[in-house]
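Student: Contents of run_5.pdb (PDB, C-alpha atoms and all ligand atoms):
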ATOM      1  CA  MET W   1      45.299 -27.203  -2.797
ATOM      2  CA  SER W   2      44.472 -24.117  -0.732
ATOM      3  CA  SER W   3      46.188 -23.336   2.548
ATOM      4  CA  PRO W   4      44.276 -24.023   5.804
ATOM      5  CA  ALA W   5      44.691 -20.334   6.682
ATOM      6  CA  ARG W   6      42.858 -19.338   3.521
ATOM      7  CA  ALA W   7      40.036 -21.823   4.204
ATOM      8  CA  GLY W   8      39.663 -20.204   7.639
ATOM      9  CA  ALA W   9      39.086 -16.760   6.126
ATOM     10  CA  PRO W  10      35.545 -15.340   6.247
ATOM     11  CA  ILE W  11      32.960 -15.318   3.467
ATOM     12  CA  GLY W  12      31.907 -11.807   2.424
ATOM     13  CA  VAL W  13      28.183 -11.206   1.900
ATOM     14  CA  PHE W  14      26.676  -7.916   0.777
ATOM     15  CA  ASP W  15      23.441  -6.206  -0.160
ATOM     16  CA  SER W  16      22.195  -2.634  -0.452
ATOM     17  CA  GLY W  17      20.762  -3.035   3.038
ATOM     18  CA  VAL W  18      19.102  -5.612   5.274
ATOM     19  CA  GLY W  19      17.635  -7.765   2.479
ATOM     20  CA  GLY W  20      20.721  -9.949   2.224
ATOM     21  CA  LEU W  21      20.044 -11.112   5.774
ATOM     22  CA  SER W  22      17.498 -13.474   4.213
ATOM     23  CA  VAL W  23      20.431 -15.045   2.340
ATOM     24  CA  LEU W  24      22.808 -14.891   5.317
ATOM     25  CA  ARG W  25      20.201 -16.801   7.342
ATOM     26  CA  ALA W  26      20.342 -19.687   4.837
ATOM     27  CA  LEU W  27      24.147 -19.498   4.559
ATOM     28  CA  ARG W  28      24.587 -19.819   8.323
ATOM     29  CA  VAL W  29      22.362 -22.902   8.350
ATOM     30  CA  GLN W  30      24.137 -24.502   5.377
ATOM     31  CA  LEU W  31      27.673 -23.569   6.480
ATOM     32  CA  PRO W  32      27.573 -23.362  10.288
ATOM     33  CA  GLN W  33      31.337 -23.692  10.655
ATOM     34  CA  GLU W  34      32.155 -20.683   8.456
ATOM     35  CA  ASP W  35      32.834 -17.083   9.491
ATOM     36  CA  PHE W  36      30.829 -14.391   7.689
ATOM     37  CA  VAL W  37      31.269 -10.658   7.201
ATOM     38  CA  TYR W  38      27.971  -9.076   6.157
ATOM     39  CA  LEU W  39      28.062  -5.593   4.672
ATOM     40  CA  SER W  40      24.942  -3.465   4.268
ATOM     41  CA  ASP W  41      25.556  -0.616   1.818
ATOM     42  CA  ALA W  42      22.764   1.355   3.455
ATOM     43  CA  ALA W  43      24.323   4.743   2.680
ATOM     44  CA  HIS W  44      23.679   4.014  -1.008
ATOM     45  CA  ALA W  45      20.370   2.120  -0.797
ATOM     46  CA  PRO W  46      18.078   1.437  -2.473
ATOM     47  CA  TYR W  47      19.898  -0.017  -5.474
ATOM     48  CA  GLY W  48      16.712  -1.047  -7.241
ATOM     49  CA  GLU W  49      15.826   2.330  -8.667
ATOM     50  CA  ARG W  50      19.393   3.341  -9.650
ATOM     51  CA  THR W  51      21.234   2.956 -12.933
ATOM     52  CA  ASP W  52      23.270  -0.171 -13.713
ATOM     53  CA  ASP W  53      26.433   1.941 -13.763
ATOM     54  CA  TYR W  54      25.776   3.229 -10.267
ATOM     55  CA  VAL W  55      25.039  -0.231  -8.846
ATOM     56  CA  SER W  56      28.050  -1.697 -10.634
ATOM     57  CA  ALA W  57      30.340   0.985  -9.199
ATOM     58  CA  ARG W  58      28.983   0.347  -5.689
ATOM     59  CA  ALA W  59      29.377  -3.430  -6.047
ATOM     60  CA  LEU W  60      33.023  -2.973  -7.107
ATOM     61  CA  ARG W  61      33.703  -0.650  -4.147
ATOM     62  CA  VAL W  62      32.080  -2.930  -1.607
ATOM     63  CA  ALA W  63      33.762  -6.048  -2.982
ATOM     64  CA  ASP W  64      37.130  -4.317  -3.006
ATOM     65  CA  TYR W  65      36.601  -3.272   0.620
ATOM     66  CA  LEU W  66      35.691  -6.805   1.727
ATOM     67  CA  ILE W  67      38.638  -8.312  -0.150
ATOM     68  CA  THR W  68      41.276  -5.832   0.984
ATOM     69  CA  GLN W  69      40.095  -5.151   4.540
ATOM     70  CA  HIS W  70      38.659  -8.558   5.505
ATOM     71  CA  GLU W  71      40.534 -10.865   3.118
ATOM     72  CA  VAL W  72      37.349 -12.760   2.326
ATOM     73  CA  LYS W  73      37.848 -16.133   0.625
ATOM     74  CA  ALA W  74      34.580 -15.882  -1.321
ATOM     75  CA  LEU W  75      31.906 -13.329  -2.058
ATOM     76  CA  VAL W  76      28.139 -13.777  -2.010
ATOM     77  CA  VAL W  77      26.223 -11.015  -3.776
ATOM     78  CA  ALA W  78      23.037 -11.267  -1.689
ATOM     79  CA  CYS W  79      21.169  -8.822  -3.901
ATOM     80  CA  ASN W  80      19.299  -9.577  -7.124
ATOM     81  CA  THR W  81      19.776  -6.018  -8.375
ATOM     82  CA  ALA W  82      23.551  -6.010  -7.838
ATOM     83  CA  THR W  83      23.868  -9.503  -9.326
ATOM     84  CA  ALA W  84      22.022  -8.436 -12.472
ATOM     85  CA  ALA W  85      24.071  -5.260 -12.851
ATOM     86  CA  ALA W  86      27.504  -6.349 -11.712
ATOM     87  CA  ILE W  87      28.191 -10.077 -11.417
ATOM     88  CA  GLN W  88      30.122 -10.165 -14.701
ATOM     89  CA  VAL W  89      32.171  -7.102 -13.802
ATOM     90  CA  LEU W  90      33.000  -8.572 -10.395
ATOM     91  CA  ARG W  91      34.072 -11.906 -11.885
ATOM     92  CA  ALA W  92      36.199 -10.147 -14.496
ATOM     93  CA  ARG W  93      37.901  -8.043 -11.808
ATOM     94  CA  TRP W  94      38.587 -10.991  -9.427
ATOM     95  CA  PRO W  95      38.756 -14.047 -11.708
ATOM     96  CA  THR W  96      40.104 -16.445  -9.080
ATOM     97  CA  LEU W  97      37.749 -15.493  -6.244
ATOM     98  CA  PRO W  98      34.636 -17.669  -5.885
ATOM     99  CA  ILE W  99      31.718 -15.254  -6.418
ATOM    100  CA  VAL W 100      28.106 -16.386  -6.025
ATOM    101  CA  GLY W 101      25.161 -14.280  -7.157
ATOM    102  CA  ILE W 102      21.406 -14.557  -6.782
ATOM    103  CA  GLU W 103      18.624 -14.488  -9.356
ATOM    104  CA  PRO W 104      14.838 -14.605  -9.021
ATOM    105  CA  ALA W 105      13.656 -18.221  -8.657
ATOM    106  CA  LEU W 106      11.765 -18.368 -11.966
ATOM    107  CA  LYS W 107      12.967 -21.841 -12.942
ATOM    108  CA  PRO W 108      11.779 -23.642  -9.791
ATOM    109  CA  ALA W 109       8.547 -21.630  -9.896
ATOM    110  CA  ALA W 110       7.800 -22.690 -13.478
ATOM    111  CA  ALA W 111       8.567 -26.301 -12.596
ATOM    112  CA  ALA W 112       6.345 -26.271  -9.500
ATOM    113  CA  SER W 113       3.416 -24.367 -10.983
ATOM    114  CA  GLN W 114       0.297 -26.344 -11.821
ATOM    115  CA  THR W 115      -1.643 -23.432 -13.240
ATOM    116  CA  LYS W 116       1.456 -22.400 -15.230
ATOM    117  CA  ARG W 117       0.982 -18.796 -14.140
ATOM    118  CA  VAL W 118       3.673 -17.277 -11.921
ATOM    119  CA  GLY W 119       3.833 -13.867 -10.226
ATOM    120  CA  VAL W 120       7.249 -12.189  -9.963
ATOM    121  CA  MET W 121       8.029  -9.269  -7.649
ATOM    122  CA  ALA W 122      11.413  -7.558  -8.052
ATOM    123  CA  THR W 123      13.050  -4.162  -8.264
ATOM    124  CA  ARG W 124      12.630  -2.119 -11.420
ATOM    125  CA  SER W 125      16.337  -2.374 -12.104
ATOM    126  CA  THR W 126      16.358  -6.193 -11.883
ATOM    127  CA  LEU W 127      13.358  -6.482 -14.207
ATOM    128  CA  GLN W 128      14.934  -4.141 -16.773
ATOM    129  CA  SER W 129      18.267  -5.972 -16.769
ATOM    130  CA  ALA W 130      19.573  -8.002 -19.697
ATOM    131  CA  LYS W 131      20.225 -10.875 -17.282
ATOM    132  CA  PHE W 132      16.553 -11.043 -16.305
ATOM    133  CA  LYS W 133      15.427 -10.870 -19.936
ATOM    134  CA  THR W 134      17.715 -13.787 -20.772
ATOM    135  CA  LEU W 135      16.291 -15.780 -17.862
ATOM    136  CA  LEU W 136      12.734 -15.025 -18.956
ATOM    137  CA  ASP W 137      13.501 -15.963 -22.572
ATOM    138  CA  SER W 138      15.049 -19.254 -21.469
ATOM    139  CA  LEU W 139      11.711 -20.229 -19.878
ATOM    140  CA  GLN W 140       9.477 -19.317 -22.794
ATOM    141  CA  GLY W 141       6.583 -21.723 -23.119
ATOM    142  CA  GLN W 142       7.083 -23.211 -19.644
ATOM    143  CA  ALA W 143       4.822 -20.778 -17.781
ATOM    144  CA  GLU W 144       3.350 -17.316 -18.059
ATOM    145  CA  PHE W 145       5.172 -14.833 -15.834
ATOM    146  CA  VAL W 146       3.395 -11.750 -14.509
ATOM    147  CA  VAL W 147       6.192  -9.383 -13.485
ATOM    148  CA  GLN W 148       5.750  -6.485 -11.109
ATOM    149  CA  ALA W 149       8.299  -3.737 -10.420
ATOM    150  CA  CYS W 150       7.932  -2.896  -6.738
ATOM    151  CA  ASP W 151       9.174   0.697  -6.469
ATOM    152  CA  GLY W 152       9.621   1.787  -2.872
ATOM    153  CA  LEU W 153       9.046  -1.602  -1.258
ATOM    154  CA  ALA W 154      12.685  -2.419  -0.418
ATOM    155  CA  ALA W 155      13.097   1.081   1.030
ATOM    156  CA  ALA W 156       9.979   0.712   3.200
ATOM    157  CA  ILE W 157      11.242  -2.643   4.510
ATOM    158  CA  GLU W 158      14.702  -1.157   5.061
ATOM    159  CA  ASN W 159      13.207   1.699   7.085
ATOM    160  CA  GLY W 160      10.980  -0.623   9.123
ATOM    161  CA  ASP W 161       7.977   1.326   7.870
ATOM    162  CA  ASP W 162       5.309  -1.355   8.365
ATOM    163  CA  LYS W 163       2.397   0.819   7.262
ATOM    164  CA  THR W 164       3.950   1.697   3.893
ATOM    165  CA  THR W 165       5.170  -1.889   3.469
ATOM    166  CA  GLN W 166       1.630  -3.218   3.959
ATOM    167  CA  ALA W 167       0.123  -0.619   1.589
ATOM    168  CA  LEU W 168       2.712  -1.256  -1.155
ATOM    169  CA  CYS W 169       2.356  -5.041  -0.864
ATOM    170  CA  GLU W 170      -1.424  -4.674  -1.248
ATOM    171  CA  THR W 171      -1.029  -2.431  -4.300
ATOM    172  CA  PHE W 172       1.504  -4.664  -6.049
ATOM    173  CA  VAL W 173      -0.275  -7.950  -5.320
ATOM    174  CA  ARG W 174      -3.566  -6.489  -6.564
ATOM    175  CA  ALA W 175      -1.861  -5.162  -9.715
ATOM    176  CA  MET W 176      -0.569  -8.651 -10.597
ATOM    177  CA  GLY W 177      -4.022 -10.244 -10.639
ATOM    178  CA  ASP W 178      -5.611 -13.362  -9.169
ATOM    179  CA  PHE W 179      -3.671 -15.766  -6.988
ATOM    180  CA  GLY W 180      -4.797 -19.285  -6.135
ATOM    181  CA  ARG W 181      -4.897 -22.837  -7.447
ATOM    182  CA  GLN W 182      -7.751 -22.490  -9.939
ATOM    183  CA  PRO W 183      -7.018 -22.463 -13.683
ATOM    184  CA  GLY W 184      -5.907 -18.989 -14.745
ATOM    185  CA  GLN W 185      -4.699 -18.036 -11.274
ATOM    186  CA  MET W 186      -1.065 -17.628 -10.180
ATOM    187  CA  ASP W 187      -0.092 -20.428  -7.799
ATOM    188  CA  GLN W 188       3.555 -19.295  -7.336
ATOM    189  CA  LEU W 189       4.938 -15.940  -6.224
ATOM    190  CA  VAL W 190       8.644 -15.341  -6.807
ATOM    191  CA  LEU W 191      10.261 -12.954  -4.325
ATOM    192  CA  GLY W 192      12.895 -11.532  -6.680
ATOM    193  CA  CYS W 193      14.484  -9.113  -4.218
ATOM    194  CA  THR W 194      16.207 -10.293  -1.060
ATOM    195  CA  HIS W 195      14.308  -7.736   1.033
ATOM    196  CA  TYR W 196      10.917  -9.319   0.276
ATOM    197  CA  PRO W 197      11.339 -12.611   2.210
ATOM    198  CA  LEU W 198      11.584 -10.419   5.320
ATOM    199  CA  VAL W 199       7.891  -9.562   4.820
ATOM    200  CA  SER W 200       6.742 -12.949   3.529
ATOM    201  CA  ASP W 201       4.059 -13.109   6.232
ATOM    202  CA  VAL W 202       2.428  -9.964   4.803
ATOM    203  CA  LEU W 203       2.657 -11.274   1.227
ATOM    204  CA  GLN W 204       1.424 -14.755   2.144
ATOM    205  CA  SER W 205      -1.666 -13.343   3.811
ATOM    206  CA  LEU W 206      -2.402 -11.259   0.690
ATOM    207  CA  VAL W 207      -2.026 -14.071  -1.867
ATOM    208  CA  GLY W 208      -3.511 -16.800   0.324
ATOM    209  CA  ALA W 209      -2.085 -19.884   1.984
ATOM    210  CA  SER W 210      -2.371 -22.072  -1.134
ATOM    211  CA  VAL W 211       0.228 -20.020  -3.041
ATOM    212  CA  ASP W 212       3.929 -20.933  -2.835
ATOM    213  CA  LEU W 213       6.377 -18.112  -2.093
ATOM    214  CA  LEU W 214       9.795 -18.688  -3.648
ATOM    215  CA  GLU W 215      13.037 -17.120  -2.515
ATOM    216  CA  ALA W 216      16.570 -18.052  -3.475
ATOM    217  CA  GLY W 217      18.426 -18.008  -0.131
ATOM    218  CA  ALA W 218      18.588 -21.797   0.182
ATOM    219  CA  PRO W 219      19.793 -22.461  -3.408
ATOM    220  CA  VAL W 220      22.404 -19.702  -3.043
ATOM    221  CA  SER W 221      23.709 -21.267   0.153
ATOM    222  CA  LEU W 222      23.952 -24.673  -1.549
ATOM    223  CA  GLN W 223      25.775 -23.119  -4.492
ATOM    224  CA  THR W 224      28.171 -21.385  -2.097
ATOM    225  CA  ARG W 225      28.960 -24.714  -0.432
ATOM    226  CA  ARG W 226      29.539 -26.230  -3.894
ATOM    227  CA  VAL W 227      31.940 -23.531  -5.121
ATOM    228  CA  LEU W 228      33.880 -23.511  -1.844
ATOM    229  CA  SER W 229      34.215 -27.260  -2.012
ATOM    230  CA  GLN W 230      35.406 -27.124  -5.640
ATOM    231  CA  ALA W 231      38.011 -24.507  -4.671
ATOM    232  CA  ASP W 232      39.024 -26.589  -1.652
ATOM    233  CA  LEU W 233      38.062 -23.678   0.582
ATOM    234  CA  LEU W 234      35.509 -25.260   2.928
ATOM    235  CA  PHE W 235      36.526 -24.696   6.532
ATOM    236  CA  ALA W 236      36.885 -28.028   8.276
ATOM    237  CA  GLY W 237      36.508 -26.685  11.834
ATOM    238  CA  ARG W 238      33.597 -27.247  14.162
ATOM    239  CA  ALA W 239      30.233 -25.461  13.867
ATOM    240  CA  GLY W 240      30.034 -22.083  15.572
ATOM    241  CA  GLY W 241      31.498 -19.682  13.029
ATOM    242  CA  ALA W 242      31.437 -15.964  13.789
ATOM    243  CA  THR W 243      29.391 -13.333  11.963
ATOM    244  CA  ARG W 244      30.335  -9.659  11.780
ATOM    245  CA  LEU W 245      27.873  -7.007  10.671
ATOM    246  CA  LEU W 246      29.055  -3.864   8.878
ATOM    247  CA  SER W 247      27.118  -0.915   7.512
ATOM    248  CA  THR W 248      28.002   2.107   5.408
ATOM    249  CA  GLY W 249      24.908   3.793   6.858
ATOM    250  CA  THR W 250      23.161   3.836  10.206
ATOM    251  CA  ALA W 251      23.321   0.762  12.413
ATOM    252  CA  GLU W 252      19.713   0.500  13.623
ATOM    253  CA  ALA W 253      18.070  -1.241  10.675
ATOM    254  CA  LEU W 254      20.809  -3.861  10.425
ATOM    255  CA  SER W 255      21.120  -4.613  14.137
ATOM    256  CA  GLY W 256      17.334  -4.729  14.596
ATOM    257  CA  ASN W 257      16.734  -7.010  11.622
ATOM    258  CA  ALA W 258      19.687  -9.276  12.431
ATOM    259  CA  LEU W 259      18.234  -9.821  15.888
ATOM    260  CA  ARG W 260      14.731 -10.313  14.561
ATOM    261  CA  TRP W 261      15.505 -12.686  11.692
ATOM    262  CA  LEU W 262      18.696 -14.447  12.721
ATOM    263  CA  GLY W 263      18.621 -14.097  16.488
ATOM    264  CA  LEU W 264      21.984 -12.323  16.098
ATOM    265  CA  ASP W 265      22.681  -9.803  18.827
ATOM    266  CA  ARG W 266      25.630  -7.885  17.374
ATOM    267  CA  VAL W 267      27.054  -4.399  17.482
ATOM    268  CA  VAL W 268      27.027  -3.121  13.904
ATOM    269  CA  GLU W 269      30.385  -1.693  12.824
ATOM    270  CA  GLY W 270      30.135   1.499  10.804
ATOM    271  CA  VAL W 271      32.429   1.420   7.752
ATOM    272  CA  GLN W 272      33.492   3.867   5.096
ATOM    273  CA  THR W 273      34.112   1.938   1.879
ATOM    274  CA  ASP W 274      35.160   5.061   0.018
ATOM    275  CA  ALA W 275      37.815   6.324   2.424
ATOM    276  CA  PRO W 276      41.413   6.178   1.194
ATOM    277  CA  GLN W 277      42.886   2.944   2.547
TER     278      GLN W 277
HETATM  279  N1  LIG A   1      17.825  -6.435  -1.888
HETATM  280  C1  LIG A   1      18.079  -6.001  -3.210
HETATM  281  C2  LIG A   1      17.677  -7.050  -4.241
HETATM  282  O1  LIG A   1      17.707  -8.218  -3.974
HETATM  283  C3  LIG A   1      17.705  -4.626  -3.663
HETATM  284  C4  LIG A   1      16.954  -3.701  -2.808
HETATM  285  C5  LIG A   1      17.221  -2.277  -3.244
HETATM  286  O2  LIG A   1      18.219  -1.744  -2.758
HETATM  287  O3  LIG A   1      16.481  -1.757  -4.068
HETATM  288  O4  LIG A   1      17.361  -6.717  -5.355
END
Please express the file's structure as C-alpha cells.
Tutor:
Amino acid sequence: MSSPARAGAPIGVFDSGVGGLSVLRALRVQLPQEDFVYLSDAAHAPYGERTDDYVSARALRVADYLITQHEVKALVVACNTATAAAIQVLRARWPTLPIVGIEPALKPAAAASQTKRVGVMATRSTLQSAKFKTLLDSLQGQAEFVVQACDGLAAAIENGDDKTTQALCETFVRAMGDFGRQPGQMDQLVLGCTHYPLVSDVLQSLVGASVDLLEAGAPVSLQTRRVLSQADLLFAGRAGGATRLLSTGTAEALSGNALRWLGLDRVVEGVQTDAPQ
C-alpha cells in the first residue's frame, strides 16, 4: 500500500521537445486529478537522428532529474525514439518506478486496415531500432507496412517552421505511395513520432479524409492509468491537477505549443539537467 503523500506526487513526462505535448494532452484528459511535470529536452533535440547511445544517455539524465528534483511517482516517456532506445535501460535503473513508453500504433492499424496496407511515419532512429523490428516481425502476414523515415520533420515542427513542415510532409507522403480505400492503397497512416500529431491537419489533407491517422497518446494515457492503479498510486483528489512545463532549451516553442494544443498558459521554467545537484 503506497502512502497518500506518494500518490499525490506528480507524474513526469518527457520528450526531446514539444512532441510529447500530444501525449500530455491525452494524459490530462484521462487523469484530470493528477499533477504533471513535462520536460522538453529541447537543448538536445532532435533525438531522431542521433545514436541510440546518445538518446539513452539523455533519457537517463532527464529521468534522473525528474526523479531527484521533482520526486515523480511515475514516468511517461512521451517519445517513440527515446522509448525504442532507452526504455529497458530506464526500467533496469529504476525497477520499482512505474515507467510507461510509447510505440508506433502498428497493431491497431493492422487490425483496422481493410486494404491491409499501412503507412508508417517515424524518425530514422525509431525505424532502425531493434524494438521496432521486433514489433514489425510480430505483425508479419497481418498487413503490409510502408515505412518512411522522416528526417527533419520533428525539427521543423519544433521550430514552428510551417513552410518546411508542409514541404517535408508532401515529400514523405508522396514517397510512401497511394493512400485511400481502394485495393492496393494505404487506408491507415501511423504517426510514429509524437511530434507528428501536432501537424495532423497537414497530413490528413495530403492523404485524404478517408484515411485514418493513428497516434498513441490515448493508449499511453490508458496504460498510465492502469500501471498507477496497479501500484496503488492513483491520486484520489478532485479534478484540477497542476501542470508544470520545463525546458532544457528556449521557452518559446514549448509555451507557444502548450497554449495552442492544450490551452495551457504557463511560464516555461528553464532547467539544467546536467548541472551538479
Ligand atoms: N518526438 C520524438 C518521437 O516520438 C522524437 C522527435 C525527435 O527529437 O527527433 O520520436
Student: Which residue, W:Val146, W:Leu139, W:Ala156, W:Val202, has the smallest gap to Glu170 of chain W when you use all atoms listed in the file?
Tutor: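 Using all atoms listed in the file, the shortest distance to Glu170 of chain W belongs to W:Val202.
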Student: Just how far from atom CA of Gln30 of chain W is atom CA of Ala74 of chain W, in Å to one decimal?
Tutor: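 Taking atom CA of Ala74 of chain W and atom CA of Gln30 of chain W, their separation equals 15.1 Å.
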Student: Taking only C-alpha atoms and all ligand atoms into account, which residues have an atom no farther than 7 Å from ligand LIG 1 (chain A)? I'd like them as a PyMOL selection string.
Tutor: chain W and resi 15-17+19-20+45-49+78-82+122-123+126+154-155+192-195
Student: For the PyMOL selection byres (((chain W and resi 10) around 6) and not hetatm), applied here, can you spell out every residue it catches as a ChimeraX atom specification?
Tutor: /W:9,11,35-36,72
Student: At what distance in Å, to one decimal, does atom CA of Lys131 of chain W lie from atom CA of Ala149 of chain W?
Tutor: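 About the pair atom CA of Ala149 of chain W and atom CA of Lys131 of chain W: they are 15.5 Å apart.
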Student: Using atom CA of Leu135 of chain W and atom CA of Leu27 of chain W as the two end points, give the distance in Å to one decimal.
Tutor: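 Computing the Euclidean distance for atom CA of Leu135 of chain W and atom CA of Leu27 of chain W yields 24.0 Å.
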Student: Quick one: what's the axis-aligned box for segment 139-152 of chain W, all listed atoms, 3 Å on every side, centre and edges in Å to one decimal, as AutoDock Vina command-line options?
Tutor:
--center_x 7.5 --center_y -10.7 --center_z -13.0 --size_x 14.4 --size_y 31.0 --size_z 26.2
Student: Tell me which protein, DNA and RNA residues are within 12 Å of Lys133 of chain W, counting all atoms listed in the file, leaving out same-chain ones fewer than 5 positions away, and put them as a PyMOL selection string.
Tutor: chain W and resi 84+103-104+106+125-128+138-140+145+147
Student: Just write the chosen residues, C-alpha atoms, as a PDB file, in the coordinates of the input.
Tutor:
ATOM      1  CA  ALA W  84      22.022  -8.436 -12.472  1.00  0.00           C
ATOM      2  CA  GLU W 103      18.624 -14.488  -9.356  1.00  0.00           C
ATOM      3  CA  PRO W 104      14.838 -14.605  -9.021  1.00  0.00           C
ATOM      4  CA  LEU W 106      11.765 -18.368 -11.966  1.00  0.00           C
ATOM      5  CA  SER W 125      16.337  -2.374 -12.104  1.00  0.00           C
ATOM      6  CA  THR W 126      16.358  -6.193 -11.883  1.00  0.00           C
ATOM      7  CA  LEU W 127      13.358  -6.482 -14.207  1.00  0.00           C
ATOM      8  CA  GLN W 128      14.934  -4.141 -16.773  1.00  0.00           C
ATOM      9  CA  SER W 138      15.049 -19.254 -21.469  1.00  0.00           C
ATOM     10  CA  LEU W 139      11.711 -20.229 -19.878  1.00  0.00           C
ATOM     11  CA  GLN W 140       9.477 -19.317 -22.794  1.00  0.00           C
ATOM     12  CA  PHE W 145       5.172 -14.833 -15.834  1.00  0.00           C
ATOM     13  CA  VAL W 147       6.192  -9.383 -13.485  1.00  0.00           C
TER      14      VAL W 147
END
Student: Evaluated on this file, the PyMOL selection byres (((chain W and resi 187) around 7) and not hetatm) picks out some residues - which ones are they, written as a PDB file with C-alpha atoms, in the coordinates of the input?
Tutor:
ATOM      1  CA  SER W 113       3.416 -24.367 -10.983  1.00  0.00           C
ATOM      2  CA  THR W 115      -1.643 -23.432 -13.240  1.00  0.00           C
ATOM      3  CA  ARG W 117       0.982 -18.796 -14.140  1.00  0.00           C
ATOM      4  CA  VAL W 118       3.673 -17.277 -11.921  1.00  0.00           C
ATOM      5  CA  PHE W 179      -3.671 -15.766  -6.988  1.00  0.00           C
ATOM      6  CA  GLY W 180      -4.797 -19.285  -6.135  1.00  0.00           C
ATOM      7  CA  ARG W 181      -4.897 -22.837  -7.447  1.00  0.00           C
ATOM      8  CA  GLN W 185      -4.699 -18.036 -11.274  1.00  0.00           C
ATOM      9  CA  MET W 186      -1.065 -17.628 -10.180  1.00  0.00           C
ATOM     10  CA  GLN W 188       3.555 -19.295  -7.336  1.00  0.00           C
ATOM     11  CA  LEU W 189       4.938 -15.940  -6.224  1.00  0.00           C
ATOM     12  CA  VAL W 211       0.228 -20.020  -3.041  1.00  0.00           C
ATOM     13  CA  ASP W 212       3.929 -20.933  -2.835  1.00  0.00           C
TER      14      ASP W 212
END
Student: Kindly resolve the PyMOL selection byres (((chain W and resi 265) around 12) and not hetatm) on the present coordinates and return the residues as a VMD selection string.
Tutor: chain W and resid 242 to 245 252 254 to 264 266 to 268
Student: Name the closest residue to Gln33 of chain W among the candidates W:Phe235, W:Glu71, W:Gln272, W:Leu153; distances are taken between atoms, counting only C-alpha atoms.
Tutor: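 Selected residue with least distance to Gln33 of chain W: W:Phe235.
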Student: Closest to Gly177 of chain W among W:Ala109, W:Val120, W:Val227, W:Val220, using all atoms listed in the file?
Tutor: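 Checking each candidate against Gly177 of chain W, we get W:Val120 as the closest.
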Student: Would you kindly return, as an MDAnalysis selection string, each protein, DNA or RNA residue with an atom no farther than 9 Å from any atom of Gly8 of chain W, considering all atoms listed in the file and excluding same-chain residues fewer than 4 positions away?
Tutor: chainID W and resid 3:4 34:35 73 233:237
Student: I need the residue nearest Arg50 of chain W from this list: W:Glu269, W:Asp151, W:Glu144, W:Asp201. Use all atoms listed in the file for the distance.
Tutor: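 Nearest candidate to Arg50 of chain W out of W:Glu269, W:Asp151, W:Glu144, W:Asp201: W:Asp151.
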Student: Which residue gives the smallest distance to Gly12 of chain W among W:Pro98, W:Gly208, W:Gly270, W:Gly184, with only C-alpha atoms counted?
Tutor: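 Nearest to Gly12 of chain W: W:Pro98.
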Student: Which of these, W:Ala86, W:Leu198, W:Leu203, W:Ala112, has the shortest distance to Gly160 of chain W once you count only C-alpha atoms?
Tutor: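 With only C-alpha atoms as the atom set, the closest residue is W:Leu198.
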Student: Could you write segment 77-87 of chain W as an mmCIF file, in the frame of the given file, with N, CA, C and O atoms rebuilt where they are missing?
Tutor:
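As written to disk, rebuild_1.cif reads:
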data_model
loop_
_atom_site.group_PDB
_atom_site.id
_atom_site.type_symbol
_atom_site.label_atom_id
_atom_site.label_comp_id
_atom_site.auth_asym_id
_atom_site.auth_seq_id
_atom_site.Cartn_x
_atom_site.Cartn_y
_atom_site.Cartn_z
ATOM 1 N N VAL W 77 26.959 -12.231 -3.449
ATOM 2 C CA VAL W 77 26.223 -11.015 -3.776
ATOM 3 C C VAL W 77 24.758 -11.305 -3.426
ATOM 4 O O VAL W 77 24.027 -11.903 -4.205
ATOM 5 N N ALA W 78 24.358 -10.896 -2.218
ATOM 6 C CA ALA W 78 23.037 -11.267 -1.689
ATOM 7 C C ALA W 78 21.983 -10.249 -2.101
ATOM 8 O O ALA W 78 21.164 -9.814 -1.295
ATOM 9 N N CYS W 79 22.029 -9.884 -3.369
ATOM 10 C CA CYS W 79 21.169 -8.822 -3.901
ATOM 11 C C CYS W 79 20.910 -9.123 -5.374
ATOM 12 O O CYS W 79 21.864 -9.226 -6.162
ATOM 13 N N ASN W 80 19.645 -9.290 -5.719
ATOM 14 C CA ASN W 80 19.299 -9.577 -7.124
ATOM 15 C C ASN W 80 19.697 -8.432 -8.038
ATOM 16 O O ASN W 80 20.173 -8.641 -9.160
ATOM 17 N N THR W 81 19.502 -7.197 -7.550
ATOM 18 C CA THR W 81 19.776 -6.018 -8.375
ATOM 19 C C THR W 81 21.269 -5.918 -8.674
ATOM 20 O O THR W 81 21.679 -5.689 -9.820
ATOM 21 N N ALA W 82 22.099 -6.097 -7.642
ATOM 22 C CA ALA W 82 23.551 -6.010 -7.838
ATOM 23 C C ALA W 82 24.067 -7.183 -8.668
ATOM 24 O O ALA W 82 24.993 -7.023 -9.473
ATOM 25 N N THR W 83 23.453 -8.353 -8.511
ATOM 26 C CA THR W 83 23.868 -9.503 -9.326
ATOM 27 C C THR W 83 23.597 -9.205 -10.799
ATOM 28 O O THR W 83 24.470 -9.403 -11.660
ATOM 29 N N ALA W 84 22.385 -8.711 -11.078
ATOM 30 C CA ALA W 84 22.022 -8.436 -12.472
ATOM 31 C C ALA W 84 22.947 -7.384 -13.080
ATOM 32 O O ALA W 84 23.372 -7.496 -14.228
ATOM 33 N N ALA W 85 23.286 -6.367 -12.299
ATOM 34 C CA ALA W 85 24.071 -5.260 -12.851
ATOM 35 C C ALA W 85 25.566 -5.556 -12.879
ATOM 36 O O ALA W 85 26.277 -5.043 -13.748
ATOM 37 N N ALA W 86 26.055 -6.359 -11.927
ATOM 38 C CA ALA W 86 27.504 -6.349 -11.712
ATOM 39 C C ALA W 86 28.204 -7.701 -11.620
ATOM 40 O O ALA W 86 29.437 -7.727 -11.523
ATOM 41 N N ILE W 87 27.495 -8.805 -11.679
ATOM 42 C CA ILE W 87 28.191 -10.077 -11.417
ATOM 43 C C ILE W 87 29.323 -10.321 -12.429
ATOM 44 O O ILE W 87 30.404 -10.797 -12.067
#
